[in-house]
file upload.cif (mmCIF, C-alpha atoms)
data_data
loop_
_atom_site.label_atom_id
_atom_site.label_comp_id
_atom_site.auth_asym_id
_atom_site.auth_seq_id
_atom_site.Cartn_x
_atom_site.Cartn_y
_atom_site.Cartn_z
CA MET H 1044 14.32 36.70 18.94
CA HIS H 1045 17.86 35.79 18.02
CA HIS H 1046 20.17 37.99 15.98
CA ARG H 1047 21.16 34.87 14.08
CA ASP H 1048 17.68 34.76 12.51
CA CYS H 1049 18.33 38.00 10.61
CA VAL H 1050 19.52 39.54 7.42
CA VAL H 1051 22.10 42.15 8.44
CA THR H 1052 23.06 45.24 6.45
CA ASP H 1053 26.14 47.29 7.22
CA ARG H 1054 27.87 50.41 5.97
CA GLY H 1055 31.63 50.29 6.22
CA GLY H 1056 31.37 47.49 8.75
CA VAL H 1057 28.94 49.42 10.97
CA ILE H 1058 25.63 47.57 11.31
CA GLU H 1059 22.75 49.69 10.03
CA ASN H 1060 19.87 47.23 10.11
CA ARG H 1061 18.88 43.78 11.28
CA HIS H 1062 15.89 42.37 9.41
CA GLN H 1063 14.27 39.61 11.46
CA VAL H 1064 13.36 36.53 9.38
CA HIS H 1065 10.60 34.04 10.14
CA ALA H 1066 9.96 30.99 7.97
CA ALA H 1067 8.13 27.68 8.02
CA VAL H 1068 8.74 24.67 5.78
CA VAL H 1069 5.81 22.26 5.80
CA ASP H 1070 4.94 19.13 3.81
CA ALA H 1071 1.62 18.16 2.21
CA LYS H 1072 0.54 16.41 5.43
CA GLY H 1073 1.00 19.62 7.41
CA LYS H 1074 4.16 18.50 9.20
CA LEU H 1075 6.53 21.32 10.11
CA LEU H 1076 9.94 20.18 8.85
CA PHE H 1077 12.17 23.25 9.07
CA ALA H 1078 11.97 26.76 10.48
CA VAL H 1079 13.65 30.12 10.82
CA GLY H 1080 12.72 32.47 13.67
CA ASN H 1081 9.12 31.83 14.74
CA PRO H 1082 7.24 29.57 12.28
CA HIS H 1083 4.08 30.05 14.37
CA ARG H 1084 4.03 33.84 14.02
CA VAL H 1085 0.50 35.01 13.20
CA THR H 1086 0.95 36.64 9.82
CA LEU H 1087 -1.32 38.54 7.46
CA ALA H 1088 -1.02 36.66 4.18
CA ARG H 1089 -2.03 39.72 2.16
CA SER H 1090 -1.64 38.93 -1.56
CA ALA H 1091 0.02 35.60 -0.76
CA ALA H 1092 -3.57 34.47 -0.07
CA LYS H 1093 -4.58 35.01 -3.71
CA PRO H 1094 -4.34 31.35 -4.79
CA ALA H 1095 -6.89 30.49 -2.07
CA GLN H 1096 -9.10 33.44 -3.02
CA THR H 1097 -8.91 32.35 -6.66
CA LEU H 1098 -9.86 28.81 -5.66
CA ALA H 1099 -13.00 30.19 -4.01
CA ILE H 1100 -13.84 32.04 -7.23
CA LEU H 1101 -13.35 28.93 -9.38
CA GLU H 1102 -15.59 26.93 -7.08
CA THR H 1103 -18.51 29.25 -7.88
CA GLY H 1104 -18.38 27.95 -11.46
CA ALA H 1105 -17.67 31.44 -12.79
CA PHE H 1106 -14.75 30.32 -14.97
CA ASP H 1107 -15.64 27.21 -16.99
CA PRO H 1108 -12.42 25.26 -17.60
CA THR H 1109 -13.52 24.52 -21.17
CA VAL H 1110 -13.84 28.24 -21.93
CA SER H 1111 -11.69 30.35 -19.61
CA GLU H 1112 -7.95 30.77 -20.13
CA GLY H 1113 -5.12 30.00 -17.75
CA ALA H 1114 -3.92 33.59 -18.10
CA ASP H 1115 -7.18 34.77 -16.49
CA ILE H 1116 -6.49 32.56 -13.48
CA ALA H 1117 -2.88 33.74 -13.32
CA LEU H 1118 -4.08 37.36 -13.32
CA MET H 1119 -6.52 36.62 -10.51
CA CYS H 1120 -3.53 35.35 -8.48
CA ALA H 1121 -1.42 38.35 -9.46
CA SER H 1122 0.05 41.44 -7.95
CA HIS H 1123 0.75 42.68 -11.45
CA SER H 1124 2.89 45.57 -12.69
CA ALA H 1125 0.15 47.26 -14.77
CA GLU H 1126 1.99 46.50 -17.99
CA ASP H 1127 -0.01 46.66 -21.21
CA ARG H 1128 -0.72 42.93 -21.19
CA HIS H 1129 -2.06 43.13 -17.63
CA LEU H 1130 -4.35 46.04 -18.41
CA GLN H 1131 -5.58 44.53 -21.67
CA ARG H 1132 -6.50 41.27 -19.97
CA THR H 1133 -8.23 43.16 -17.15
CA TYR H 1134 -10.33 45.07 -19.66
CA ASP H 1135 -11.04 41.85 -21.59
CA MET H 1136 -12.14 40.10 -18.40
CA LEU H 1137 -14.42 43.00 -17.48
CA LYS H 1138 -16.05 42.83 -20.90
CA ARG H 1139 -16.52 39.06 -20.76
CA ILE H 1140 -18.12 39.13 -17.31
CA GLY H 1141 -20.37 42.05 -18.21
CA ALA H 1142 -18.81 44.58 -15.86
CA GLU H 1143 -17.28 48.06 -16.05
CA GLU H 1144 -14.11 49.47 -14.50
CA GLU H 1145 -16.32 51.50 -12.16
CA ASP H 1146 -17.58 48.22 -10.67
CA LEU H 1147 -14.11 47.45 -9.30
CA ARG H 1148 -13.81 48.32 -5.61
CA CYS H 1149 -10.01 48.47 -5.47
CA GLY H 1150 -9.04 52.03 -6.47
CA GLY H 1151 -5.87 53.10 -8.27
CA HIS H 1152 -2.26 53.43 -7.13
CA ALA H 1153 1.26 53.83 -8.49
CA ALA H 1154 2.40 50.85 -10.53
CA LEU H 1155 4.71 48.21 -9.06
CA SER H 1156 6.96 48.80 -12.08
CA ASP H 1157 9.30 51.82 -12.17
CA LYS H 1158 9.21 51.70 -15.97
CA VAL H 1159 5.42 51.89 -16.03
CA ASN H 1160 5.40 54.70 -13.45
CA ARG H 1161 7.84 56.79 -15.52
CA MET H 1162 5.60 56.36 -18.55
CA TRP H 1163 2.52 57.37 -16.56
CA ILE H 1164 4.25 60.49 -15.22
CA LYS H 1165 5.43 61.44 -18.70
CA ASN H 1166 1.89 61.07 -20.05
CA ASP H 1167 0.25 62.73 -17.04
CA PHE H 1168 -1.78 59.53 -16.55
CA VAL H 1169 -3.92 59.08 -13.44
CA PRO H 1170 -4.21 55.36 -12.50
CA GLY H 1171 -7.65 53.94 -11.86
CA PRO H 1172 -9.08 50.65 -10.54
CA ALA H 1173 -8.14 48.61 -13.63
CA THR H 1174 -4.47 49.48 -13.09
CA ASN H 1175 -4.53 48.27 -9.48
CA ASN H 1176 -2.15 45.34 -9.02
CA CYS H 1177 -5.13 43.34 -7.68
CA SER H 1178 -7.52 44.12 -10.55
CA GLY H 1179 -7.55 40.50 -11.78
CA LYS H 1180 -8.68 39.24 -8.38
CA HIS H 1181 -11.41 41.87 -8.26
CA CYS H 1182 -12.64 40.87 -11.73
CA GLY H 1183 -12.80 37.32 -10.46
CA MET H 1184 -14.75 38.38 -7.38
CA ILE H 1185 -17.32 40.13 -9.58
CA ALA H 1186 -17.64 37.05 -11.79
CA GLY H 1187 -17.96 34.82 -8.73
CA SER H 1188 -20.64 37.07 -7.26
CA LYS H 1189 -22.66 36.87 -10.46
CA ALA H 1190 -22.31 33.08 -10.53
CA LEU H 1191 -23.69 32.99 -6.97
CA GLY H 1192 -26.59 35.25 -7.94
CA ALA H 1193 -25.35 37.83 -5.43
CA SER H 1194 -25.02 41.60 -5.62
CA VAL H 1195 -21.99 42.94 -7.47
CA GLU H 1196 -22.10 46.37 -5.84
CA ASN H 1197 -20.83 45.22 -2.45
CA TYR H 1198 -18.80 42.13 -3.41
CA HIS H 1199 -15.90 43.42 -1.31
CA LEU H 1200 -17.70 43.47 2.03
CA PRO H 1201 -16.83 40.79 4.62
CA ASP H 1202 -20.40 39.45 4.89
CA HIS H 1203 -20.97 39.21 1.12
CA PRO H 1204 -21.61 35.65 -0.17
CA MET H 1205 -18.42 35.78 -2.24
CA GLN H 1206 -16.29 36.72 0.75
CA MET H 1207 -18.02 34.08 2.88
CA ARG H 1208 -16.95 31.54 0.24
CA VAL H 1209 -13.38 32.82 0.50
CA LYS H 1210 -13.45 32.54 4.29
CA GLN H 1211 -14.66 28.95 4.07
CA VAL H 1212 -11.95 27.97 1.59
CA VAL H 1213 -9.24 29.58 3.73
CA SER H 1214 -10.60 27.78 6.80
CA ASP H 1215 -10.62 24.47 4.93
CA LEU H 1216 -7.03 24.90 3.73
CA THR H 1217 -5.71 25.88 7.16
CA ALA H 1218 -7.77 23.32 9.11
CA PRO H 1219 -5.01 20.64 9.12
CA ASN H 1220 -2.91 23.01 11.25
CA ILE H 1221 -5.36 25.11 13.30
CA GLY H 1222 -9.02 25.36 14.15
CA ASN H 1223 -11.32 27.33 11.86
CA ASP H 1224 -11.92 29.96 14.54
CA GLU H 1225 -8.20 30.81 14.72
CA VAL H 1226 -8.14 32.54 11.32
CA GLN H 1227 -8.29 36.30 11.78
CA TRP H 1228 -9.39 38.83 9.18
CA ALA H 1229 -8.35 42.39 8.38
CA LEU H 1230 -8.82 44.79 5.46
CA ASP H 1231 -6.22 44.54 2.71
CA GLY H 1232 -4.78 47.42 0.70
CA CYS H 1233 -7.05 46.61 -2.25
CA ASN H 1234 -10.19 46.83 -0.06
CA LEU H 1235 -10.86 43.07 0.25
CA PRO H 1236 -10.69 40.99 3.45
CA ALA H 1237 -7.22 39.53 4.15
CA PRO H 1238 -6.63 36.46 6.34
CA ALA H 1239 -4.08 36.11 9.12
CA PHE H 1240 -2.92 32.81 10.64
CA PRO H 1241 0.29 31.16 11.84
CA LEU H 1242 3.05 31.20 9.24
CA ARG H 1243 3.16 27.40 9.14
CA CYS H 1244 -0.44 27.46 7.87
CA LEU H 1245 0.54 29.57 4.87
CA ALA H 1246 3.30 27.07 4.10
CA GLY H 1247 0.79 24.23 4.41
CA MET H 1248 -1.62 26.02 2.09
CA TYR H 1249 1.03 26.31 -0.62
CA ALA H 1250 2.04 22.68 -0.15
CA SER H 1251 -1.60 21.69 -0.75
CA PHE H 1252 -1.70 23.51 -4.11
CA ALA H 1253 1.52 21.80 -5.21
CA ASP H 1254 0.18 18.45 -4.00
CA ALA H 1255 -2.98 18.95 -6.05
CA ALA H 1256 -0.84 19.59 -9.13
CA ASP H 1257 0.95 16.31 -8.45
CA GLY H 1258 -2.39 14.49 -8.35
CA ASN H 1259 -1.38 12.42 -5.33
CA HIS H 1260 -4.87 11.66 -4.05
CA ASP H 1261 -6.60 8.30 -3.83
CA ILE H 1262 -9.95 10.06 -4.13
CA LYS H 1263 -9.73 13.07 -6.43
CA THR H 1264 -12.26 15.84 -5.92
CA GLU H 1265 -13.39 18.85 -7.91
CA ARG H 1266 -11.46 20.98 -5.43
CA HIS H 1267 -8.24 19.14 -6.27
CA ASP H 1268 -8.89 19.85 -9.96
CA HIS H 1269 -9.40 23.55 -9.28
CA MET H 1270 -6.28 23.75 -7.13
CA ALA H 1271 -4.26 22.07 -9.87
CA ARG H 1272 -5.67 24.65 -12.34
CA VAL H 1273 -4.47 27.45 -10.10
CA PHE H 1274 -0.98 25.95 -9.76
CA ASN H 1275 -0.62 25.14 -13.46
CA SER H 1276 -1.94 28.52 -14.59
CA MET H 1277 0.59 30.37 -12.45
CA VAL H 1278 3.40 28.16 -13.80
CA GLU H 1279 2.27 28.54 -17.42
CA PHE H 1280 1.69 32.30 -17.28
CA PRO H 1281 4.17 33.70 -14.71
CA GLU H 1282 4.35 37.00 -16.60
CA TYR H 1283 0.74 37.68 -15.54
CA VAL H 1284 1.44 36.93 -11.86
CA GLY H 1285 4.08 39.67 -11.60
CA GLY H 1286 5.69 41.20 -14.66
CA ASP H 1287 9.01 42.11 -16.22
CA ASP H 1288 11.91 41.76 -13.77
CA ARG H 1289 9.55 40.86 -10.90
CA TYR H 1290 10.61 38.17 -8.42
CA CYS H 1291 7.47 36.02 -8.65
CA THR H 1292 7.78 35.85 -12.42
CA GLU H 1293 11.52 35.18 -12.42
CA LEU H 1294 11.25 32.56 -9.67
CA MET H 1295 8.59 30.55 -11.51
CA ARG H 1296 10.42 30.84 -14.82
CA ALA H 1297 13.63 29.59 -13.23
CA TYR H 1298 11.95 26.57 -11.63
CA ALA H 1299 9.18 25.79 -14.14
CA PRO H 1300 7.17 23.64 -13.86
CA SER H 1301 8.03 22.55 -10.33
CA LEU H 1302 6.91 25.44 -8.11
CA ILE H 1303 4.74 28.52 -7.64
CA GLY H 1304 5.63 31.61 -5.63
CA LYS H 1305 3.58 34.61 -4.58
CA LEU H 1306 4.36 37.85 -2.82
CA GLY H 1307 2.26 39.27 -0.02
CA ALA H 1308 2.60 42.94 0.90
CA ASP H 1309 4.73 43.99 3.87
CA GLY H 1310 7.24 41.18 3.58
CA CYS H 1311 5.27 37.93 3.25
CA TYR H 1312 5.89 35.15 0.71
CA GLY H 1313 4.50 31.70 -0.12
CA VAL H 1314 6.11 28.95 -2.20
CA GLY H 1315 4.56 25.62 -3.24
CA ILE H 1316 6.95 22.93 -4.51
CA ARG H 1317 5.87 19.73 -6.24
CA ALA H 1318 7.14 16.42 -4.87
CA SER H 1319 10.58 15.47 -6.12
CA ALA H 1320 13.82 13.85 -5.03
CA ASP H 1321 14.62 17.16 -3.29
CA THR H 1322 11.45 17.18 -1.20
CA GLU H 1323 11.85 13.49 -0.37
CA ARG H 1324 15.44 14.11 0.75
CA LEU H 1325 14.14 16.75 3.15
CA GLY H 1326 11.76 14.27 4.74
CA ALA H 1327 8.57 15.57 3.15
CA THR H 1328 5.54 13.44 2.48
CA GLY H 1329 4.42 14.66 -0.92
CA ALA H 1330 4.78 18.32 -1.86
CA LEU H 1331 6.49 21.05 0.14
CA GLY H 1332 5.39 24.52 1.16
CA ILE H 1333 7.54 27.42 2.33
CA ALA H 1334 6.26 30.61 3.96
CA VAL H 1335 8.48 33.55 4.85
CA LYS H 1336 7.86 36.79 6.75
CA ILE H 1337 10.29 39.67 7.20
CA GLU H 1338 9.44 41.38 10.48
CA ASP H 1339 9.99 44.94 9.19
CA GLY H 1340 8.20 44.34 5.88
CA SER H 1341 11.20 44.82 3.54
CA ILE H 1342 10.41 43.32 0.14
CA GLU H 1343 14.02 43.51 -1.07
CA ILE H 1344 15.19 41.54 1.96
CA LEU H 1345 12.26 39.14 1.58
CA TYR H 1346 13.33 38.10 -1.91
CA ALA H 1347 16.91 37.55 -0.76
CA ALA H 1348 15.69 35.47 2.20
CA VAL H 1349 13.36 33.28 0.11
CA THR H 1350 16.17 32.55 -2.34
CA GLU H 1351 18.59 31.84 0.51
CA ILE H 1352 16.14 29.34 1.98
CA LEU H 1353 15.89 27.57 -1.38
CA GLU H 1354 19.70 27.55 -1.44
CA GLN H 1355 20.06 26.14 2.06
CA LEU H 1356 17.44 23.47 1.37
CA GLN H 1357 19.12 22.76 -1.99
CA ILE H 1358 15.84 22.98 -3.88
CA GLY H 1359 16.47 22.67 -7.61
CA THR H 1360 19.79 22.89 -9.39
CA SER H 1361 22.56 25.41 -8.88
CA GLU H 1362 21.79 26.70 -12.40
CA GLN H 1363 18.18 27.38 -11.43
CA ARG H 1364 19.14 29.19 -8.25
CA LYS H 1365 21.81 31.20 -10.09
CA LYS H 1366 19.10 32.77 -12.25
CA LEU H 1367 17.94 34.56 -9.08
CA ASP H 1368 21.38 35.86 -8.08
CA HIS H 1369 20.43 39.53 -8.52
CA PHE H 1370 17.66 39.06 -5.94
CA HIS H 1371 19.80 36.84 -3.71
CA HIS H 1372 23.21 38.49 -3.43
CA LEU H 1373 22.42 42.14 -2.78
CA GLU H 1374 24.94 44.96 -3.08
CA ARG H 1375 25.11 48.29 -1.30
CA ARG H 1376 26.43 51.06 -3.54
CA ASN H 1377 26.11 54.83 -3.47
CA THR H 1378 25.20 57.29 -6.23
CA VAL H 1379 28.65 57.08 -7.84
CA ASN H 1380 28.58 53.26 -7.73
CA THR H 1381 31.07 52.92 -4.88
CA VAL H 1382 30.54 49.91 -2.61
CA THR H 1383 29.40 51.24 0.78
CA GLY H 1384 28.62 48.04 2.65
CA LYS H 1385 27.17 44.58 2.36
CA VAL H 1386 24.09 42.47 3.03
CA THR H 1387 24.71 39.34 5.11
CA LEU H 1388 22.16 36.52 5.15
CA ALA H 1389 22.91 35.69 8.77
CA PHE H 1390 20.36 32.96 9.37
CA SER H 1391 20.21 29.19 9.10
CA VAL H 1392 17.23 27.00 8.32
CA ARG H 1393 16.95 24.67 11.30
CA PRO H 1394 15.30 21.25 11.44
CA ASN H 1395 12.11 21.09 13.45
CA ASP H 1396 12.47 18.84 16.48
CA GLU H 1397 9.38 16.85 15.47
CA GLY H 1398 10.82 15.18 12.44
CA ALA H 1399 13.08 16.74 9.82
CA GLN H 1400 16.57 15.42 9.35
CA ALA H 1401 19.54 17.76 9.69
CA LEU H 1402 20.69 19.49 6.54
#
call {"tool": "encode", "arguments": {"input": "upload.cif", "output": "structure tokens"}}
result
Amino acid sequence: MHHRDCVVTDRGGVIENRHQVHAAVVDAKGKLLFAVGNPHRVTLARSAAKPAQTLAILETGAFDPTVSEGADIALMCASHSAEDRHLQRTYDMLKRIGAEEEDLRCGGHAALSDKVNRMWIKNDFVPGPATNNCSGKHCGMIAGSKALGASVENYHLPDHPMQMRVKQVVSDLTAPNIGNDEVQWALDGCNLPAPAFPLRCLAGMYASFADAADGNHDIKTERHDHMARVFNSMVEFPEYVGGDDRYCTELMRAYAPSLIGKLGADGCYGVGIRASADTERLGATGALGIAVKIEDGSIEILYAAVTEILEQLQIGTSEQRKKLDHFHHLERRNTVNTVTGKVTLAFSVRPNDEGAQAL
């Protein structure tokens, strides 16, 4: 590891922390174009895997495109803030699929929104499964299980038909980069299986969703249509993917309709960018995918690093990137608002030896 591949925080010039950054930038053909740190680091995708999990749900036929709404798909991809709109849609989805909150196997936790948490504390509210940031995905898993004619009670278990569908989809989407047997599985915070694979595979996965949205396929398949639905739903309803003042939501709003972005717990992030003059300039064939991992799991540093990578690659306009300044250029202040130190984005995106041109 090199100290140059870090975000460094100091207090009065004294270094407090070095946050190791890993990133992979991959095109729609799976070619690794740029990297930071180790782009091959085996990484748990956590909630950054939700677009793939949602694809598996759609492929069961559970959400008819002529009936279901894009906001449902966005919520299935979400790590939401438990705002009123998120909870209402969760309850609506449960009703439509003929399920109850007790059927959800995700449990409750504090909201990802400080505002929502303060309201819950004031009202002495105890969060339940429907308030879980992954409740949309779990609703989708129940619907998918029913469409498969499988048990709903144990939809979360690794050997359940719904989870076997997810594993197959993840294997298919990572196959251009690694063998199917190289995907590892662990248990996520919401009680569902979570995949782990080299970081470049996560980037490739996001590039494939963006490529599907572009429609750049000589032979279009039903899978391409579903992947395009996932991409377009996240772009159209970013407020359901995150929430007020959340990075995923603000990122997609700033760049709409050209990219999707999704957080994974413990410092993981995936971005899918549709083909453009920017991606062509970077040497990409078709769409572009970016995956980022912060070694110590810091989410604050993760958002700054993702935005810095977009800056260094010159993705989008300066006006678009400026909308993310409060995530990008972090300040260190104490309780009386005195500046105590700074955050230095001390890394450079480097071209991969196999093909990308120098920035």
call {"tool": "residues_around", "arguments": {"input": "upload.cif", "residues": "H:Tyr1346", "least_positions_apart": "4", "cutoff": "7 Å", "atoms": "all atoms listed in the file", "output": "list of chain:residue names"}}
result
H:Ile1342, H:Thr1350, H:Phe1370, H:His1371
call {"tool": "write_last_selection", "arguments": {"input": "upload.cif", "atoms": "C-alpha atoms", "output": "PDB file, keeping the file's coordinate frame"}}
result
ATOM      1  CA  ILE H1342      10.410  43.320   0.140  1.00  0.00           C
ATOM      2  CA  THR H1350      16.170  32.550  -2.340  1.00  0.00           C
ATOM      3  CA  PHE H1370      17.660  39.060  -5.940  1.00  0.00           C
ATOM      4  CA  HIS H1371      19.800  36.840  -3.710  1.00  0.00           C
TER       5      HIS H1371
END
call {"tool": "closest_residue", "arguments": {"input": "upload.cif", "among": "H:Gly1384, H:His1372, H:Pro1082, H:Gln1096", "to": "H:Glu1351", "atoms": "all atoms listed in the file"}}
result
H:His1372
call {"tool": "resolve_selection", "arguments": {"input": "upload.cif", "expression": "the PyMOL selection byres ((chain H and resi 1273) around 8)", "output": "ChimeraX atom specification"}}
result
/H:1094,1097-1098,1116-1117,1252,1269-1272,1274-1277
call {"tool": "atom_distance", "arguments": {"input": "upload.cif", "atom1": "atom CA of H:Asp1048", "atom2": "atom CA of H:Ala1218"}}
result
28.1 Å
call {"tool": "closest_residue", "arguments": {"input": "upload.cif", "among": "H:Leu1137, H:Ala1308, H:Ala1078, H:Met1207", "to": "H:His1181", "atoms": "all atoms listed in the file"}}
result
H:Leu1137
call {"tool": "axis_aligned_box", "arguments": {"input": "upload.cif", "around": "stretch 1052-1056 of chain H", "padding_each_side": "3 Å", "output": "JSON"}}
result
{"center_x": 27.3, "center_y": 47.8, "center_z": 7.4, "size_x": 14.6, "size_y": 11.2, "size_z": 8.8}
call {"tool": "decode", "arguments": {"input": "upload.cif", "residues": "stretch 1189-1279 of chain H", "atoms": "C-alpha atoms", "output": "CSV table (one decimal), in the first residue's frame"}}
result
chain,number,residue,atom,x,y,z
H,1189,LYS,CA,-44.2,-15.9,-4.6
H,1190,ALA,CA,-43.7,-15.6,-8.4
H,1191,LEU,CA,-41.4,-18.6,-8.2
H,1192,GLY,CA,-44.0,-20.6,-6.2
H,1193,ALA,CA,-41.5,-20.8,-3.3
H,1194,SER,CA,-41.9,-20.4,0.4
H,1195,VAL,CA,-42.1,-16.8,1.7
H,1196,GLU,CA,-41.1,-17.8,5.3
H,1197,ASN,CA,-37.5,-18.5,4.5
H,1198,TYR,CA,-36.9,-16.3,1.5
H,1199,HIS,CA,-33.7,-14.9,3.1
H,1200,LEU,CA,-31.8,-18.2,3.4
H,1201,PRO,CA,-28.9,-18.9,1.0
H,1202,ASP,CA,-30.4,-22.0,-0.4
H,1203,HIS,CA,-33.9,-20.5,-1.1
H,1204,PRO,CA,-34.9,-20.4,-4.8
H,1205,MET,CA,-35.0,-16.6,-4.7
H,1206,GLN,CA,-31.4,-16.4,-3.4
H,1207,MET,CA,-30.2,-19.0,-5.9
H,1208,ARG,CA,-31.6,-16.7,-8.6
H,1209,VAL,CA,-29.7,-13.8,-7.1
H,1210,LYS,CA,-26.5,-15.9,-7.0
H,1211,GLN,CA,-26.9,-16.8,-10.7
H,1212,VAL,CA,-27.5,-13.2,-11.7
H,1213,VAL,CA,-24.4,-12.0,-9.8
H,1214,SER,CA,-22.3,-14.8,-11.3
H,1215,ASP,CA,-23.6,-13.9,-14.8
H,1216,LEU,CA,-22.7,-10.2,-14.3
H,1217,THR,CA,-19.2,-10.9,-12.9
H,1218,ALA,CA,-18.4,-13.7,-15.4
H,1219,PRO,CA,-16.6,-11.4,-17.9
H,1220,ASN,CA,-14.0,-10.7,-15.2
H,1221,ILE,CA,-13.8,-13.9,-13.1
H,1222,GLY,CA,-15.0,-17.4,-12.9
H,1223,ASN,CA,-18.4,-18.1,-11.3
H,1224,ASP,CA,-16.7,-20.0,-8.5
H,1225,GLU,CA,-14.7,-17.0,-7.4
H,1226,VAL,CA,-17.8,-15.1,-6.0
H,1227,GLN,CA,-17.9,-15.4,-2.3
H,1228,TRP,CA,-20.9,-15.0,-0.1
H,1229,ALA,CA,-21.5,-13.6,3.4
H,1230,LEU,CA,-24.4,-12.5,5.5
H,1231,ASP,CA,-25.4,-8.8,5.1
H,1232,GLY,CA,-26.6,-6.5,7.9
H,1233,CYS,CA,-30.2,-6.9,6.6
H,1234,ASN,CA,-30.0,-10.7,6.9
H,1235,LEU,CA,-29.7,-11.5,3.2
H,1236,PRO,CA,-26.7,-13.0,1.4
H,1237,ALA,CA,-24.1,-10.5,0.2
H,1238,PRO,CA,-21.6,-11.2,-2.6
H,1239,ALA,CA,-17.9,-10.4,-2.5
H,1240,PHE,CA,-15.6,-10.3,-5.6
H,1241,PRO,CA,-12.7,-8.2,-6.9
H,1242,LEU,CA,-13.5,-4.5,-7.0
H,1243,ARG,CA,-13.1,-4.4,-10.8
H,1244,CYS,CA,-16.1,-6.8,-11.0
H,1245,LEU,CA,-18.3,-4.3,-9.2
H,1246,ALA,CA,-17.2,-1.6,-11.6
H,1247,GLY,CA,-18.0,-3.9,-14.5
H,1248,MET,CA,-21.4,-4.7,-13.1
H,1249,TYR,CA,-22.3,-1.1,-13.0
H,1250,ALA,CA,-21.0,-0.5,-16.5
H,1251,SER,CA,-23.3,-3.3,-17.7
H,1252,PHE,CA,-26.4,-1.6,-16.2
H,1253,ALA,CA,-25.4,1.7,-17.9
H,1254,ASP,CA,-24.7,-0.1,-21.1
H,1255,ALA,CA,-28.2,-1.7,-21.0
H,1256,ALA,CA,-29.7,1.8,-20.6
H,1257,ASP,CA,-27.8,2.9,-23.7
H,1258,GLY,CA,-29.3,0.0,-25.6
H,1259,ASN,CA,-26.0,-0.8,-27.3
H,1260,HIS,CA,-26.7,-4.4,-28.2
H,1261,ASP,CA,-27.0,-6.0,-31.6
H,1262,ILE,CA,-29.2,-8.7,-30.0
H,1263,LYS,CA,-31.4,-7.3,-27.2
H,1264,THR,CA,-32.6,-9.7,-24.6
H,1265,GLU,CA,-35.2,-9.5,-21.8
H,1266,ARG,CA,-32.3,-9.2,-19.4
H,1267,HIS,CA,-31.2,-6.0,-21.1
H,1268,ASP,CA,-34.7,-4.6,-20.8
H,1269,HIS,CA,-34.8,-5.4,-17.1
H,1270,MET,CA,-31.4,-3.9,-16.5
H,1271,ALA,CA,-32.4,-0.7,-18.4
H,1272,ARG,CA,-35.5,-0.6,-16.1
H,1273,VAL,CA,-33.3,-0.7,-13.0
H,1274,PHE,CA,-31.0,2.0,-14.3
H,1275,ASN,CA,-33.9,4.3,-15.5
H,1276,SER,CA,-35.9,3.8,-12.3
H,1277,MET,CA,-33.0,4.8,-10.1
H,1278,VAL,CA,-32.4,7.9,-12.3
H,1279,GLU,CA,-36.1,8.9,-12.4
